[in-house]
Amino acid sequence: MLTKISDLQLFVSIVDSGSISAAARLLNATPSAVSRRLAALEQRLGIRLITRTSRHFEPTEEGHLYYRRGIGILKEIEETEAVITFSGKAPRGLIKVGAPMGFGRRMVAPAVARFIEAYPDMNVHLMLSDAGWDVLSDSLDIAIRVGLPQDGSLIARKLFSQRRIVCASPEYLAKFGTPRAPEDLAQQNCIRLIRGDKLLDNWQFSCNGRPQSVRTSGNLTSTSSEVIAQWAIAGKGIALLALWDIQEYLAAGRLKECLSDYWCDIIELYAIFVHRQYLPLRIRVFMDFIVKEFSPLSMPCGGLQVASPQVLCESLVDTPA
């Protein structure tokens, strides 16, 4: 039985890592050792689990089934262990976290470093991308992302919220003029963000409580808010960005806020994780740590948000019943 569980853990690690060499690094083993264990597993089951060539790595149909069932079994084991090891013990083990590129590099990575100092028995695998993380399909423990998920099996804990602001470099504004009202953006080169397959060109404002929507245009778009900020600094156009992305550039005078009399929309950052009856201690402790780390950044609105009314998670620090 122990061998079968070990084989499940090995196979899940291989699929999650995307290659045998990456799994070997994660497991602190050699690629040849991982490859031999995979071959022995396939021989024991009598089926091929992964199609692998020099250029291709893909689970077979049976491999996908083994992976999905394996994840469920390993989570059941993990949750059972969480029940009996919660009280009075330090967290240990691996936690996989996905975060946006720019925010993850500037804010999440330093927080993770402080977390490891506080909990040296923990391992954190931090992945950064502006494509948007899905805690289920990306096999994450926690996905840090903007906005609430639609899946009712997920729980979202708000990290903080901040407003977005319109900004540009002093050089751009000196050359093309500073917009005085949102409708003036129609004459400006606006740098727009792409999320998934959607171009975010409809910018929202509020003045004296009245909402106003402006359709923007421009010759630069990107999936990366960090790239958009750099383009704005270089004088390529006007951008709409979250305050956390550009605060240092505003303080240094490399960017200037425009339309400060008009309140832009609020952007909220959440930590998403799968609802479980017993949340593992490592996830509980990490969640509480990052919420405490980021709470000073928030505007005066926050708390725990739930993706579905049927899911309730009032506190992450309660001992499992």
# chains A, B, ... in the order shown; residues from 1 in each chain; ligands from 1
call {"tool": "residues_around", "arguments": {"residues": "segment 30-39 of chain A", "least_positions_apart": "3", "cutoff": "6 Å", "atoms": "only C-alpha atoms", "output": "PyMOL selection string"}}
result
chain A and resi 20-21+24+42
call {"tool": "residues_around", "arguments": {"residues": "Leu269 of chain A", "least_positions_apart": "6", "cutoff": "6 Å", "atoms": "only C-alpha atoms", "output": "list of chain:residue names"}}
result
A:Arg145, A:Val146, A:Leu159, A:Phe160
call {"tool": "residues_around", "arguments": {"residues": "segment 134-142 of chain A", "least_positions_apart": "2", "cutoff": "6 Å", "atoms": "only C-alpha atoms", "output": "PyMOL selection string"}}
result
chain A and resi 96-97+272-273
call {"tool": "closest_residue", "arguments": {"among": "A:Asp16, A:Asp130, A:Asp184, A:Glu58", "to": "Leu259 of chain A", "atoms": "only C-alpha atoms"}}
result
A:Asp184
call {"tool": "residues_around", "arguments": {"residues": "segment 288-298 of chain A", "least_positions_apart": "4", "cutoff": "10 Å", "atoms": "only C-alpha atoms", "output": "PyMOL selection string"}}
result
chain A and resi 107-108+111-112+114-115+118+157-163+243-244+268-271+283-284+302-303+315-317
call {"tool": "residues_around", "arguments": {"residues": "Lys256 of chain A", "least_positions_apart": "2", "cutoff": "6 Å", "atoms": "only C-alpha atoms", "output": "list in words"}}
result
Cys167, Ala168, Ser169 and Leu250 of chain A
call {"tool": "write_last_selection", "arguments": {"atoms": "all heavy atoms", "output": "compact mmCIF listing (two decimals), in the first residue's frame"}}
result
# COMPACT_ATOMS: atom_id res chain seq x y z
N CYS A 167 -2.83 57.25 -15.51
CA CYS A 167 -1.51 57.84 -15.32
C CYS A 167 -0.74 57.89 -16.64
O CYS A 167 -1.05 57.17 -17.59
CB CYS A 167 -0.70 57.05 -14.28
SG CYS A 167 -0.45 55.32 -14.73
N ALA A 168 0.28 58.75 -16.67
CA ALA A 168 1.15 58.88 -17.83
C ALA A 168 2.45 59.53 -17.37
O ALA A 168 2.53 60.07 -16.26
CB ALA A 168 0.49 59.71 -18.92
N SER A 169 3.46 59.47 -18.22
CA SER A 169 4.74 60.10 -17.88
C SER A 169 4.63 61.61 -18.03
O SER A 169 3.83 62.12 -18.84
CB SER A 169 5.84 59.56 -18.78
OG SER A 169 5.67 60.04 -20.10
N LEU A 250 4.94 56.63 -9.12
CA LEU A 250 4.30 57.90 -8.78
C LEU A 250 5.15 58.67 -7.77
O LEU A 250 5.36 59.88 -7.90
CB LEU A 250 2.91 57.65 -8.20
CG LEU A 250 1.85 57.10 -9.16
CD1 LEU A 250 0.61 56.69 -8.39
CD2 LEU A 250 1.48 58.14 -10.22
call {"tool": "select_by_dssp", "arguments": {"residues": "segment 30-252 of chain A", "states": "helix (DSSP H, G or I)", "output": "ChimeraX atom specification"}}
result
/A:31-45,61-85,101-118,170-176,182-187,225-233,243-252
call {"tool": "residues_around", "arguments": {"residues": "Ser17 of chain A", "least_positions_apart": "5", "cutoff": "8 Å", "atoms": "only C-alpha atoms", "output": "number ranges by chain"}}
result
A: 22-23, 26
call {"tool": "closest_residue", "arguments": {"among": "A:Lys4, A:Lys198, A:Arg215, A:Arg192", "to": "Val227 of chain A", "atoms": "only C-alpha atoms"}}
result
A:Arg192
call {"tool": "residues_around", "arguments": {"residues": "Pro182 of chain A", "least_positions_apart": "6", "cutoff": "9 Å", "atoms": "only C-alpha atoms", "output": "ChimeraX atom specification"}}
result
/A:203-205,212-214,259,262
call {"tool": "select_by_dssp", "arguments": {"residues": "segment 180-294 of chain A", "states": "strand (DSSP E)", "output": "VMD selection string"}}
result
chain A and resid 190 to 195 198 to 200 202 to 207 210 to 215 221 to 222 238 to 242 256 to 258 263 to 264 266 to 274
call {"tool": "closest_residue", "arguments": {"among": "A:Pro91, A:Cys190, A:Asp261, A:Ile73", "to": "Ser206 of chain A", "atoms": "only C-alpha atoms"}}
result
A:Asp261
